[in-house]
Structure formats: structure tokens, C-alpha cells
$ cat start.tsv   # TSV, C-alpha atoms and all ligand atoms
chain	number	residue	atom	x	y	z
A	602	MET	CA	0.00	0.00	0.00
A	603	ASP	CA	1.23	3.47	-0.85
A	604	GLY	CA	0.24	6.03	1.72
A	605	ASP	CA	1.27	8.50	4.34
A	606	GLN	CA	0.35	9.34	7.90
A	607	ASP	CA	-2.58	11.54	6.79
A	608	THR	CA	-4.27	8.48	5.30
A	609	ILE	CA	-6.94	7.13	7.65
A	610	GLY	CA	-7.04	3.37	8.09
A	611	PHE	CA	-10.35	1.47	8.28
A	612	ILE	CA	-10.69	-2.22	9.22
A	613	GLY	CA	-14.08	-3.95	8.95
A	614	LEU	CA	-16.18	-3.01	5.91
A	615	GLY	CA	-19.52	-4.62	6.77
A	616	HIS	CA	-22.94	-2.99	7.09
A	617	MET	CA	-21.67	-0.18	9.31
A	618	GLY	CA	-17.99	0.01	8.41
A	619	ALA	CA	-18.45	0.35	4.65
A	620	ALA	CA	-20.91	3.21	5.14
A	621	MET	CA	-18.60	5.02	7.58
A	622	ALA	CA	-15.61	4.47	5.29
A	623	GLU	CA	-17.59	6.02	2.43
A	624	ARG	CA	-18.24	9.10	4.58
A	625	LEU	CA	-14.50	9.40	5.24
A	626	LEU	CA	-13.75	9.13	1.52
A	627	ALA	CA	-16.45	11.70	0.73
A	628	SER	CA	-14.82	14.10	3.22
A	629	GLY	CA	-11.78	14.15	0.95
A	630	ARG	CA	-9.50	12.08	3.19
A	631	GLY	CA	-7.15	9.43	1.93
A	632	LEU	CA	-8.39	6.02	3.10
A	633	ALA	CA	-6.67	2.65	3.46
A	634	VAL	CA	-8.99	-0.31	4.01
A	635	HIS	CA	-8.84	-3.92	5.12
A	636	ASP	CA	-11.41	-6.69	5.58
A	637	LEU	CA	-11.21	-10.48	5.51
A	638	ASP	CA	-13.88	-10.29	2.79
A	639	ARG	CA	-12.04	-9.46	-0.47
A	640	ALA	CA	-15.23	-8.32	-2.20
A	641	ALA	CA	-15.84	-5.71	0.53
A	642	VAL	CA	-12.30	-4.37	0.01
A	643	GLU	CA	-12.73	-4.29	-3.77
A	644	ARG	CA	-15.95	-2.24	-3.47
A	645	MET	CA	-14.12	0.37	-1.40
A	646	VAL	CA	-11.13	0.39	-3.76
A	647	ALA	CA	-13.54	1.05	-6.64
A	648	ALA	CA	-14.85	4.01	-4.60
A	649	GLY	CA	-11.33	5.44	-4.24
A	650	ALA	CA	-9.75	3.76	-1.19
A	651	LYS	CA	-6.42	1.91	-1.16
A	652	ALA	CA	-6.22	-1.72	-0.07
A	653	ALA	CA	-3.83	-2.41	2.81
A	654	ALA	CA	-2.07	-5.77	2.88
A	655	GLY	CA	-3.39	-6.28	6.43
A	656	PRO	CA	-3.47	-4.73	9.91
A	657	GLU	CA	0.37	-4.74	10.19
A	658	ASP	CA	0.73	-2.85	6.92
A	659	MET	CA	-1.89	-0.33	8.04
A	660	ALA	CA	-0.21	0.24	11.41
A	661	ARG	CA	3.10	0.86	9.64
A	662	ARG	CA	1.62	3.61	7.49
A	663	CYS	CA	-1.46	5.21	9.14
A	664	SER	CA	-1.45	7.24	12.36
A	665	ILE	CA	-5.21	6.73	12.91
A	666	VAL	CA	-7.00	3.42	12.31
A	667	PHE	CA	-10.75	2.92	12.73
A	668	LEU	CA	-12.16	-0.52	13.62
A	669	CYS	CA	-15.72	-1.67	12.90
A	670	LEU	CA	-15.70	-5.38	13.66
A	671	PRO	CA	-18.34	-7.94	14.59
A	672	SER	CA	-16.92	-9.32	17.86
A	673	PRO	CA	-14.52	-8.60	20.73
A	674	GLU	CA	-12.39	-11.52	19.47
A	675	ALA	CA	-12.00	-9.93	16.02
A	676	SER	CA	-11.00	-6.58	17.60
A	677	ARG	CA	-8.43	-8.27	19.85
A	678	ALA	CA	-6.96	-10.24	16.92
A	679	VAL	CA	-6.63	-7.15	14.74
A	680	CYS	CA	-5.09	-5.06	17.54
A	681	ALA	CA	-2.57	-7.81	18.27
A	682	GLN	CA	-1.50	-7.62	14.61
A	683	MET	CA	-1.08	-3.84	14.87
A	684	GLN	CA	1.16	-3.89	17.97
A	685	ALA	CA	4.35	-3.63	15.95
A	686	GLY	CA	3.11	-0.18	15.00
A	687	GLY	CA	5.17	2.24	12.95
A	688	ALA	CA	3.05	5.31	12.24
A	689	LEU	CA	0.09	4.17	14.36
A	690	ARG	CA	-0.86	6.50	17.26
A	691	VAL	CA	-4.65	6.14	17.73
A	692	VAL	CA	-7.05	3.23	17.31
A	693	VAL	CA	-10.67	4.41	17.10
A	694	GLU	CA	-12.81	1.46	18.19
A	695	THR	CA	-16.33	1.97	16.79
A	696	SER	CA	-17.35	-1.67	17.33
A	697	THR	CA	-19.59	-2.66	20.24
A	698	VAL	CA	-17.26	-4.83	22.31
A	699	GLY	CA	-18.04	-3.89	25.96
A	700	PRO	CA	-15.86	-2.07	28.49
A	701	GLU	CA	-13.77	-5.09	29.50
A	702	SER	CA	-12.58	-5.65	25.92
A	703	ILE	CA	-11.68	-1.97	25.63
A	704	ARG	CA	-9.53	-2.27	28.77
A	705	GLN	CA	-7.81	-5.27	27.16
A	706	LEU	CA	-7.18	-3.30	23.94
A	707	VAL	CA	-5.72	-0.42	25.98
A	708	ALA	CA	-3.48	-2.87	27.86
A	709	SER	CA	-2.25	-4.46	24.62
A	710	LEU	CA	-1.53	-1.19	22.78
A	711	ASP	CA	-0.48	1.29	25.48
A	712	SER	CA	3.10	0.03	25.83
A	713	HIS	CA	3.48	0.40	22.04
A	714	GLY	CA	2.65	4.11	22.23
A	715	VAL	CA	-0.83	3.62	20.74
A	716	SER	CA	-3.90	5.21	22.41
A	717	VAL	CA	-7.42	3.80	22.17
A	718	LEU	CA	-10.42	6.02	21.57
A	719	ASP	CA	-13.53	4.15	22.61
A	720	ALA	CA	-16.15	5.32	20.08
A	721	PRO	CA	-19.18	3.02	19.60
A	722	VAL	CA	-21.93	4.28	17.34
A	723	SER	CA	-25.73	4.19	17.14
A	724	GLY	CA	-28.05	4.89	14.21
A	725	GLY	CA	-27.72	1.80	12.00
A	726	PRO	CA	-26.40	1.55	8.43
A	727	ARG	CA	-28.83	4.25	7.25
A	728	GLY	CA	-27.47	6.69	9.84
A	729	ALA	CA	-23.92	5.70	8.89
A	730	ARG	CA	-24.61	6.39	5.18
A	731	ALA	CA	-26.26	9.72	6.00
A	732	GLY	CA	-23.50	10.79	8.41
A	733	THR	CA	-26.04	11.18	11.21
A	734	LEU	CA	-24.71	8.59	13.66
A	735	SER	CA	-24.70	9.25	17.36
A	736	VAL	CA	-21.07	8.62	18.38
A	737	MET	CA	-20.34	8.02	22.07
A	738	VAL	CA	-16.70	8.71	22.81
A	739	SER	CA	-14.48	8.12	25.83
A	740	GLY	CA	-10.75	8.64	26.04
A	741	ALA	CA	-8.17	11.28	26.84
A	742	ALA	CA	-8.94	14.76	25.49
A	743	GLU	CA	-5.73	14.74	23.40
A	744	THR	CA	-6.64	11.38	21.85
A	745	LEU	CA	-10.07	12.72	20.92
A	746	GLN	CA	-8.45	15.85	19.53
A	747	ALA	CA	-6.18	13.75	17.31
A	748	ALA	CA	-9.18	11.96	15.75
A	749	ILE	CA	-11.80	14.72	15.87
A	750	GLY	CA	-11.71	15.54	12.12
A	751	PRO	CA	-12.49	12.03	10.84
A	752	LEU	CA	-14.95	11.46	13.69
A	753	GLN	CA	-16.90	14.53	12.68
A	754	ALA	CA	-17.07	13.16	9.13
A	755	ILE	CA	-19.08	10.14	10.37
A	756	ALA	CA	-21.00	11.67	13.30
A	757	GLY	CA	-24.24	13.61	13.38
A	758	LYS	CA	-23.79	14.03	17.12
A	759	LEU	CA	-20.74	13.29	19.20
A	760	PHE	CA	-20.89	12.77	22.97
A	761	HIS	CA	-17.65	12.80	24.97
A	762	VAL	CA	-18.91	10.74	27.91
A	763	GLY	CA	-15.65	10.47	29.87
A	764	SER	CA	-11.87	10.36	29.79
A	765	GLU	CA	-11.70	6.64	30.59
A	766	PRO	CA	-11.87	4.30	27.54
A	767	GLY	CA	-14.69	1.82	28.28
A	768	LEU	CA	-17.25	4.38	29.48
A	769	ALA	CA	-18.52	4.96	25.95
A	770	GLN	CA	-19.11	1.19	25.68
A	771	VAL	CA	-21.20	1.36	28.86
A	772	CYS	CA	-23.22	4.17	27.27
A	773	LYS	CA	-23.71	2.15	24.08
A	774	LEU	CA	-24.73	-1.04	25.94
A	775	VAL	CA	-27.29	0.92	28.00
A	776	ASN	CA	-28.66	2.40	24.76
A	777	ASN	CA	-28.90	-1.01	23.11
A	778	ALA	CA	-30.52	-2.71	26.10
A	779	ILE	CA	-33.27	-0.07	25.93
A	780	SER	CA	-33.49	-0.30	22.14
A	781	ALA	CA	-33.74	-4.12	22.11
A	782	ALA	CA	-36.34	-4.26	24.90
A	783	GLY	CA	-38.35	-1.56	23.10
A	784	MET	CA	-38.19	-3.47	19.83
A	785	MET	CA	-39.36	-6.73	21.44
A	786	ALA	CA	-42.14	-4.98	23.36
A	787	ALA	CA	-43.35	-3.32	20.15
A	788	CYS	CA	-43.24	-6.61	18.19
A	789	GLU	CA	-45.11	-8.60	20.84
A	790	ALA	CA	-47.79	-5.99	21.46
A	791	THR	CA	-48.50	-5.08	17.82
A	792	VAL	CA	-48.76	-8.73	16.76
A	793	LEU	CA	-51.41	-9.15	19.44
A	794	GLY	CA	-53.16	-5.94	18.33
A	795	VAL	CA	-53.42	-7.15	14.73
A	796	LYS	CA	-54.45	-10.66	15.77
A	797	ALA	CA	-57.20	-9.13	17.92
A	798	GLY	CA	-58.59	-7.28	14.90
A	799	LEU	CA	-56.81	-3.94	14.59
A	800	ASP	CA	-55.62	-2.52	11.29
A	801	ALA	CA	-51.79	-2.27	11.46
A	802	ASP	CA	-51.63	1.23	9.90
A	803	VAL	CA	-54.16	2.66	12.35
A	804	LEU	CA	-52.53	0.86	15.28
A	805	LEU	CA	-49.06	2.28	14.53
A	806	ASP	CA	-50.45	5.78	13.93
A	807	ALA	CA	-52.22	5.68	17.29
A	808	ILE	CA	-49.13	4.37	19.12
A	809	ASN	CA	-46.90	6.98	17.48
A	810	ALA	CA	-49.23	9.74	18.63
A	811	GLY	CA	-49.38	8.20	22.10
A	812	SER	CA	-47.23	7.07	25.01
A	813	GLY	CA	-46.26	3.66	23.52
A	814	ARG	CA	-44.05	5.12	20.81
A	815	ASN	CA	-40.34	4.30	20.71
A	816	ALA	CA	-37.53	4.07	18.14
A	817	ALA	CA	-39.01	0.79	16.84
A	818	THR	CA	-42.56	2.09	16.30
A	819	MET	CA	-41.33	5.44	14.95
A	820	ASP	CA	-38.68	4.13	12.54
A	821	LYS	CA	-38.22	0.36	12.16
A	822	PHE	CA	-41.92	-0.49	11.85
A	823	PRO	CA	-42.92	2.11	9.23
A	824	ARG	CA	-39.73	1.56	7.22
A	825	SER	CA	-39.27	-2.18	7.23
A	826	ILE	CA	-42.08	-4.11	8.95
A	827	LEU	CA	-45.32	-2.42	7.86
A	828	THR	CA	-43.95	-2.31	4.31
A	829	GLY	CA	-42.83	-5.96	4.46
A	830	SER	CA	-39.47	-4.89	3.03
A	831	PHE	CA	-37.41	-6.15	6.02
A	832	ASP	CA	-34.48	-4.04	4.92
A	833	TYR	CA	-33.63	-2.03	8.02
A	834	GLY	CA	-29.97	-2.99	7.70
A	835	GLY	CA	-27.67	-5.03	9.89
A	836	PRO	CA	-27.87	-8.66	10.98
A	837	MET	CA	-30.19	-9.39	13.90
A	838	GLY	CA	-27.65	-11.79	15.46
A	839	LEU	CA	-25.43	-8.88	16.56
A	840	MET	CA	-27.91	-7.93	19.28
A	841	LEU	CA	-27.26	-11.24	21.06
A	842	LYS	CA	-23.70	-10.02	21.61
A	843	ASP	CA	-24.83	-6.62	22.86
A	844	LEU	CA	-27.43	-7.99	25.28
A	845	SER	CA	-24.95	-10.56	26.58
A	846	LEU	CA	-22.35	-7.80	27.09
A	847	PHE	CA	-24.98	-5.72	28.95
A	848	ILE	CA	-25.80	-8.66	31.24
A	849	ASP	CA	-22.06	-9.29	31.84
A	850	LEU	CA	-21.65	-5.62	32.75
A	851	ALA	CA	-24.58	-5.81	35.19
A	852	THR	CA	-23.13	-8.95	36.76
A	853	SER	CA	-19.70	-7.38	37.22
A	854	ALA	CA	-21.31	-4.23	38.68
A	855	GLY	CA	-23.39	-6.35	41.09
A	856	VAL	CA	-26.64	-5.00	39.63
A	857	HIS	CA	-29.62	-7.33	39.29
A	858	ASN	CA	-31.28	-7.31	35.84
A	859	ARG	CA	-34.90	-8.19	35.27
A	860	LEU	CA	-35.73	-7.20	31.70
A	861	ALA	CA	-32.46	-7.80	29.81
A	862	PRO	CA	-32.45	-11.61	30.34
A	863	ALA	CA	-36.06	-11.80	29.09
A	864	THR	CA	-35.19	-9.67	26.07
A	865	LEU	CA	-32.16	-11.87	25.35
A	866	ALA	CA	-34.29	-15.05	25.57
A	867	ALA	CA	-36.85	-13.57	23.13
A	868	TRP	CA	-34.04	-12.46	20.80
A	869	GLN	CA	-32.51	-15.97	20.88
A	870	GLN	CA	-35.85	-17.41	19.77
A	871	ALA	CA	-36.02	-14.90	16.92
A	872	VAL	CA	-32.50	-15.80	15.78
A	873	ALA	CA	-33.28	-19.52	16.03
A	874	TYR	CA	-36.29	-18.92	13.74
A	875	SER	CA	-34.88	-16.52	11.14
A	876	GLY	CA	-31.11	-17.03	11.39
A	877	PRO	CA	-28.42	-14.63	12.69
A	878	GLU	CA	-27.90	-12.95	9.30
A	879	ALA	CA	-31.58	-12.06	8.84
A	880	ASP	CA	-32.37	-8.35	8.84
A	881	TYR	CA	-32.76	-6.73	12.27
A	882	SER	CA	-36.45	-6.00	11.57
A	883	GLU	CA	-37.16	-9.73	11.06
A	884	VAL	CA	-37.17	-10.36	14.81
A	885	ILE	CA	-40.96	-9.96	14.59
A	886	ARG	CA	-41.37	-12.91	12.22
A	887	TYR	CA	-41.35	-15.71	14.78
A	888	MET	CA	-44.00	-13.92	16.82
A	889	GLU	CA	-46.09	-13.37	13.68
A	890	ALA	CA	-45.76	-17.04	12.71
A	891	ASP	CA	-46.68	-18.12	16.23
A	892	ALA	CA	-49.77	-15.88	16.32
A	893	GLY	CA	-50.78	-16.35	12.67
A	894	ALA	CA	-50.98	-12.57	12.18
A	895	GLU	CA	-48.75	-10.13	10.26
A	896	VAL	CA	-48.18	-6.49	11.14
A	897	ARG	CA	-48.35	-5.09	7.58
A	898	ALA	CA	-49.69	-1.93	6.04
A	899	ARG	CA	-52.81	-2.20	3.88
A	900	ALA	CA	-50.68	-1.31	0.82
A	901	ALA	CA	-48.21	-4.11	1.58
A	902	ASN	CA	-51.06	-6.61	2.00
A	903	ALA	CA	-52.61	-5.50	-1.30
A	904	ALA	CA	-49.36	-5.95	-3.26
A	905	PRO	CA	-49.35	-9.12	-5.40
A	906	ASN	CA	-45.98	-10.22	-4.00
A	907	SER	CA	-46.63	-9.34	-0.35
A	908	THR	CA	-44.62	-11.41	2.11
A	909	THR	CA	-46.24	-14.39	3.74
A	910	THR	CA	-45.80	-15.61	7.28
A	911	GLY	CA	-42.88	-17.96	7.57
A	912	LYS	CA	-39.13	-18.13	7.42
A	913	PRO	CA	-37.50	-15.79	4.91
A	914	ASP	CA	-36.15	-18.69	2.90
A	915	GLU	CA	-39.46	-20.48	2.73
B	1	LIG	P1	-20.92	-6.88	9.80
B	1	LIG	O1	-20.92	-8.31	10.22
B	1	LIG	O2	-21.82	-6.43	8.72
B	1	LIG	O3	-19.43	-6.45	9.35
B	1	LIG	C1	-18.26	-6.85	10.01
B	1	LIG	C2	-17.12	-6.87	8.96
B	1	LIG	O4	-15.90	-7.19	9.66
B	1	LIG	C3	-17.32	-7.92	7.87
B	1	LIG	O5	-17.14	-7.32	6.61
B	1	LIG	C4	-16.22	-8.95	8.17
B	1	LIG	O6	-15.72	-9.59	7.01
B	1	LIG	C5	-15.17	-8.11	8.84
B	1	LIG	N1	-14.26	-8.85	9.72
B	1	LIG	C6	-14.57	-9.77	10.64
B	1	LIG	N2	-13.45	-10.19	11.27
B	1	LIG	C7	-12.41	-9.50	10.72
B	1	LIG	C8	-11.00	-9.49	10.94
B	1	LIG	N3	-10.43	-10.26	11.87
B	1	LIG	N4	-10.25	-8.67	10.18
B	1	LIG	C9	-10.81	-7.86	9.22
B	1	LIG	N5	-12.13	-7.83	8.97
B	1	LIG	C10	-12.92	-8.65	9.72
B	1	LIG	O7	-21.18	-6.05	11.14
B	1	LIG	P2	-21.77	-4.55	11.26
B	1	LIG	O8	-23.25	-4.59	11.27
B	1	LIG	O9	-21.04	-3.67	10.33
B	1	LIG	O10	-21.32	-4.22	12.77
B	1	LIG	C11	-19.98	-3.95	13.08
B	1	LIG	C12	-19.89	-3.43	14.51
B	1	LIG	O11	-20.73	-2.26	14.64
B	1	LIG	C13	-20.40	-4.43	15.55
B	1	LIG	O12	-19.62	-4.34	16.71
B	1	LIG	C14	-21.82	-3.97	15.82
B	1	LIG	O13	-22.28	-4.37	17.10
B	1	LIG	C15	-21.67	-2.48	15.69
B	1	LIG	N6	-22.93	-1.78	15.31
B	1	LIG	C16	-23.77	-2.31	14.37
B	1	LIG	C17	-24.94	-1.63	14.03
B	1	LIG	C18	-25.89	-2.18	12.98
B	1	LIG	O14	-27.03	-1.69	12.88
B	1	LIG	N7	-25.47	-3.14	12.16
B	1	LIG	C19	-25.25	-0.41	14.64
B	1	LIG	C20	-24.36	0.12	15.57
B	1	LIG	C21	-23.20	-0.58	15.91
$ encode --input "start.tsv" --output "C-alpha cells"
Amino acid sequence: MDGDQDTIGFIGLGHMGAAMAERLLASGRGLAVHDLDRAAVERMVAAGAKAAAGPEDMARRCSIVFLCLPSPEASRAVCAQMQAGGALRVVVETSTVGPESIRQLVASLDSHGVSVLDAPVSGGPRGARAGTLSVMVSGAAETLQAAIGPLQAIAGKLFHVGSEPGLAQVCKLVNNAISAAGMMAACEATVLGVKAGLDADVLLDAINAGSGRNAATMDKFPRSILTGSFDYGGPMGLMLKDLSLFIDLATSAGVHNRLAPATLAAWQQAVAYSGPEADYSEVIRYMEADAGAEVRARAANAAPNSTTTGKPDE
């Protein structure tokens, strides 16, 4: 890879990472990319990025490297490969990996002169494409300052929640525990509403003008469930990780959880039914199949190819 220290590195070009990397390219920055999936790298190269040979190559040449990876294990593996360093000064961890993994990344990189900026994101692939993500950041002020330009290229709103890396992960896990419980509550209750005779359009309008509204009823339902398009973006299986990390955090803090374990159990059933790679919005499908009722708009029901109850591959 040709490059210089002004080139931003980006590792992990999936649903979220590719969209964030595109924002960085659009901001006029040089971008070096890496992913285990060659096709994902080739798409970014076609858009103007340079392919790095791997994490070691990137650490040799880029002073700032963003990570957007699917698991704590993947983040640890990539950071271990970047320890030899070179130009690398800041790793911006946008993945949701939990505070304990962030402490491990700090421990593995600190002695190599590399700082970690804990920077998980919320807003989904659509928010990432639009540059409207909520970015929760924790880390030293000078580390944030070093990465502020590229962070602003991907963030709609940026919240510096503390100087200790790991605190932003706590913020993100709290957000996701609320988001997941709200999604499950909305799925369960609206399936019942439709089964009991309500029109789905009217039901959602009433909820969204009332006290039951949440991010699921306001955004995910109208976009991807009522329409039957199931294209919200992002694999539903990732939430199993986030809920498990939230429960681990509660356990280590000595705080008793009531709702998160129930949400996790419901999410596990959804993943068992639709598969971990199914769209996030498909978590409702197993409840619909169970009840024999679909939460669809009148227009979606009238369409000749409207979806039917059942697994997506059926
Ligand atoms: P994804 O599965 O779509 O993408 C992950 C990418 O990482 C894939 O392209 C994969 O090939 C690559 N990868 C895996 N291991 C690798 C390795 N060792 N080296 C290089 N590349 C590797 O996941 P996503 O939806 O983009 O999510 C990424 C992170 O962002 C996760 O931590 C997730 O929790 C978080 N997040 C996701 C969403 C969402 O809506 N999808 C929203 C906010 C935060």
C-alpha cells in the first residue's frame, strides 16, 4: 500500500464500516482499508480507497485506524496484529465490544505508544450512510483531539462521555438494552393488536401519537415491517452479543437485571427462527408465525408479492 500518515485506516467493511468508510472518503481524506472479505475491500477500492495488505501494513503507514468489527475476538486479533506499530498512534474502536474488551485493547496497545479512543456508534447503516450517527466517545482529550476531524465526518452528534476508555461502551450497551427491549415490546404488542382485529396502519399511527411510541414504532416499523421490506440494515444476530455484554456488565457491577435476560431469551428465539444474518427487523417474524398474524400496512397486504408468514427462505 502506498500512503502517508494523513491516510486514515479502516478495518471492517460490513454494514456499518463500509458506510462510515464512504463518509471518510467523501470528506476528501485518503483512506486505506482492510477486511477479511475481499469483495468488501474491492468495493471500497472502486470508490477510491487503497487496499492495505493487512493490519500490520496499516499500522506501519497510518497514524489513525478505525475498527468496525463484529466481535470482541476480532478486535483483539486485529489489535494484536497492529502492535508492531510504525506510524500508528490512535485506534478508534467503533465496534460494540463492551468495556472489558476496551480495557484489554488499551493494555495491549499502550506500551506500544498507541492510544485507544472508545467510540461506539448508534443509528444503524442508514445513519452511517447519511452521516447522522450518534457517536459516544471516551478517552483522553488529546486522543479525541487527534481523531476529531475524521470522527466529525461520520458523526451527526458526538458525545464525549468520559476520559476513561470503556465508558462509551457502557453508554452504548445501555442504549442497546433499551433499544432491544423496546423493539421486542413493540413486536409482541403489535402482533397481538393485529391478531385481535386492529388494522396495522391505524394501530401504529395511534401508538406513534401516544405514550407507547419508541424508536421501533417510529422508525423500524414504518420503514421495514409495515412495508414488508425487512431491509432495516444489519444482521439481527449482533444484538445477542450486545445484550450478553450488557448482562455481563450488570453482573460485574453487582446490579440485578430483570428485563435484559427476558429480552435476550426472546431475541434468541427470533434468531433460532430466522437465522443470525436475517435483517434486524425480522425479529418480529417468529411472533407473527406463532400468532398467525402479520403487522403489515394495507398497501403491503394489497401488493401481489406481499410477504407471507414464515421463514424468509421459505
Ligand atoms: P458486519 O458483520 O456487517 O461487518 C463486520 C465486517 O468485519 C465484515 O465485513 C467482516 O468480514 C469483517 N471482519 C470480521 N473479522 C475480521 C477481521 N479479523 N479482520 C478484518 N475484517 C474482519 O457487522 P456490522 O453490522 O457492520 O457491525 C460492526 C460493529 O458495529 C459491531 O460491533 C456492531 O455491534 C456495531 N454496530 C452495528 C450496528 C448495525 O445496525 N449493524 C449499529 C451500531 C453498531
$ closest_atom_pairs --input "start.tsv" --of "chain A" --to "ligand LIG 1 (chain B)" --cutoff "8 Å" --atoms "all atoms listed in the file" --output "tab-separated table"
residue	atom	partner	partner_atom	distance
A:Ile612	CA	B:LIG1	C9	5.6
A:Gly613	CA	B:LIG1	O4	3.8
A:Leu614	CA	B:LIG1	O5	4.5
A:Gly615	CA	B:LIG1	O3	3.2
A:His616	CA	B:LIG1	O9	3.8
A:Met617	CA	B:LIG1	O9	3.7
A:Gly618	CA	B:LIG1	O9	5.2
A:Ala619	CA	B:LIG1	O9	7.4
A:His635	CA	B:LIG1	C9	6.0
A:Asp636	CA	B:LIG1	N5	3.6
A:Leu637	CA	B:LIG1	N5	4.5
A:Asp638	CA	B:LIG1	O6	4.7
A:Ala641	CA	B:LIG1	O5	6.4
A:Pro656	CA	B:LIG1	N4	7.8
A:Cys669	CA	B:LIG1	C12	4.8
A:Leu670	CA	B:LIG1	O4	4.4
A:Pro671	CA	B:LIG1	C13	4.2
A:Ser672	CA	B:LIG1	O12	5.8
A:Pro673	CA	B:LIG1	O12	7.8
A:Glu674	CA	B:LIG1	N3	7.9
A:Ala675	CA	B:LIG1	N3	4.4
A:Ser676	CA	B:LIG1	N3	6.8
A:Ala678	CA	B:LIG1	N3	6.1
A:Val679	CA	B:LIG1	N3	5.7
A:Thr695	CA	B:LIG1	O11	6.5
A:Ser696	CA	B:LIG1	O12	3.6
A:Thr697	CA	B:LIG1	O12	3.9
A:Val698	CA	B:LIG1	O12	6.1
A:Pro721	CA	B:LIG1	C21	6.5
A:Val722	CA	B:LIG1	C20	5.1
A:Ser723	CA	B:LIG1	C20	4.6
A:Gly724	CA	B:LIG1	C19	6.0
A:Gly725	CA	B:LIG1	O14	3.7
A:Pro726	CA	B:LIG1	O14	5.5
A:Gly834	CA	B:LIG1	O14	6.1
A:Gly835	CA	B:LIG1	N7	3.7
A:Pro836	CA	B:LIG1	N7	6.1
A:Leu839	CA	B:LIG1	O13	5.5
A:Met840	CA	B:LIG1	O13	7.0
A:Lys842	CA	B:LIG1	O13	7.4
A:Asp843	CA	B:LIG1	O13	6.7
A:Tyr881	CA	B:LIG1	O14	7.7
$ closest_residue --input "start.tsv" --among "A:Ser882, A:Arg859, A:Ala903, A:Val896" --to "A:Val795" --atoms "all atoms listed in the file"
A:Val896
$ closest_atom_pairs --input "start.tsv" --of "stretch 831-882 of chain A" --to "stretch 768-780 of chain A" --cutoff "7 Å" --atoms "only C-alpha atoms" --output "CSV"
residue,atom,partner,partner_atom,distance
A:Asp843,CA,A:Leu774,CA,6.4
A:Leu844,CA,A:Ala778,CA,6.2
A:Phe847,CA,A:Leu774,CA,5.6
A:Ala861,CA,A:Ala778,CA,6.6
$ write_last_selection --input "start.tsv" --atoms "C-alpha atoms" --output "mmCIF file, in the coordinates of the input"
data_model
loop_
_atom_site.group_PDB
_atom_site.id
_atom_site.type_symbol
_atom_site.label_atom_id
_atom_site.label_comp_id
_atom_site.auth_asym_id
_atom_site.auth_seq_id
_atom_site.Cartn_x
_atom_site.Cartn_y
_atom_site.Cartn_z
ATOM 1 C CA ASP A 843 -24.830 -6.620 22.860
ATOM 2 C CA LEU A 844 -27.430 -7.990 25.280
ATOM 3 C CA PHE A 847 -24.980 -5.720 28.950
ATOM 4 C CA ALA A 861 -32.460 -7.800 29.810
#
$ closest_residue --input "start.tsv" --among "A:Val642, A:Arg727, A:Pro751, A:Gln746" --to "A:Leu626" --atoms "only C-alpha atoms"
A:Pro751
$ residues_around --input "start.tsv" --residues "A:Ala900" --least-positions-apart "2" --cutoff "10 Å" --atoms "all atoms listed in the file" --output "PDB file with C-alpha atoms, keeping the file's coordinate frame"
ATOM      1  CA  ASP A 802     -51.630   1.230   9.900  1.00  0.00           C
ATOM      2  CA  LEU A 827     -45.320  -2.420   7.860  1.00  0.00           C
ATOM      3  CA  THR A 828     -43.950  -2.310   4.310  1.00  0.00           C
ATOM      4  CA  GLY A 829     -42.830  -5.960   4.460  1.00  0.00           C
ATOM      5  CA  ARG A 897     -48.350  -5.090   7.580  1.00  0.00           C
ATOM      6  CA  ALA A 898     -49.690  -1.930   6.040  1.00  0.00           C
ATOM      7  CA  ASN A 902     -51.060  -6.610   2.000  1.00  0.00           C
ATOM      8  CA  ALA A 903     -52.610  -5.500  -1.300  1.00  0.00           C
ATOM      9  CA  ALA A 904     -49.360  -5.950  -3.260  1.00  0.00           C
ATOM     10  CA  SER A 907     -46.630  -9.340  -0.350  1.00  0.00           C
TER      11      SER A 907
END
$ closest_residue --input "start.tsv" --among "A:Ala660, A:Ile665, A:Met645, A:Ile749" --to "A:Thr608" --atoms "only C-alpha atoms"
A:Ile665
$ atom_distance --input "start.tsv" --atom1 "atom CA of A:Ala652" --atom2 "atom CA of A:Ala633"
5.6 Å
$ atom_distance --input "start.tsv" --atom1 "atom CA of A:Lys821" --atom2 "atom CA of A:Ser875"
17.2 Å
$ atom_distance --input "start.tsv" --atom1 "atom CA of A:Leu846" --atom2 "atom CA of A:Ala731"
27.7 Å
$ closest_residue --input "start.tsv" --among "A:Val693, A:Val646, A:Leu706, A:Cys680" --to "A:Val666" --atoms "all atoms listed in the file"
A:Val693
$ closest_residue --input "start.tsv" --among "A:Asp607, A:Glu789, A:Glu765, A:Glu694" --to "A:Met659" --atoms "only C-alpha atoms"
A:Asp607
$ closest_residue --input "start.tsv" --among "A:Leu841, A:Ala688, A:Ala851, A:Val792" --to "A:Glu878" --atoms "only C-alpha atoms"
A:Leu841
$ residues_around --input "start.tsv" --residues "A:Ala742" --least-positions-apart "4" --cutoff "9 Å" --atoms "all atoms listed in the file" --output "list in words"
Gln746, Ala747, His761 and Ser764 of chain A
$ residues_around --input "start.tsv" --residues "A:Met785" --least-positions-apart "3" --cutoff "9 Å" --atoms "all atoms listed in the file" --output "list in words"
Ser780, Ala781, Ala782, Cys788, Glu789, Ala790, Ala817, Thr864, Ala867, Trp868, Val884 and Ile885 of chain A
$ residues_around --input "start.tsv" --residues "A:Asn809" --least-positions-apart "6" --cutoff "9 Å" --atoms "only C-alpha atoms" --output "CSV table (one decimal) with C-alpha atoms, in the frame of the given file"
chain,number,residue,atom,x,y,z
A,815,ASN,CA,-40.3,4.3,20.7
A,818,THR,CA,-42.6,2.1,16.3
A,819,MET,CA,-41.3,5.4,15.0
$ residues_around --input "start.tsv" --residues "A:Glu883" --least-positions-apart "6" --cutoff "8 Å" --atoms "all atoms listed in the file" --output "ChimeraX atom specification"
/A:826,831,837,871,875
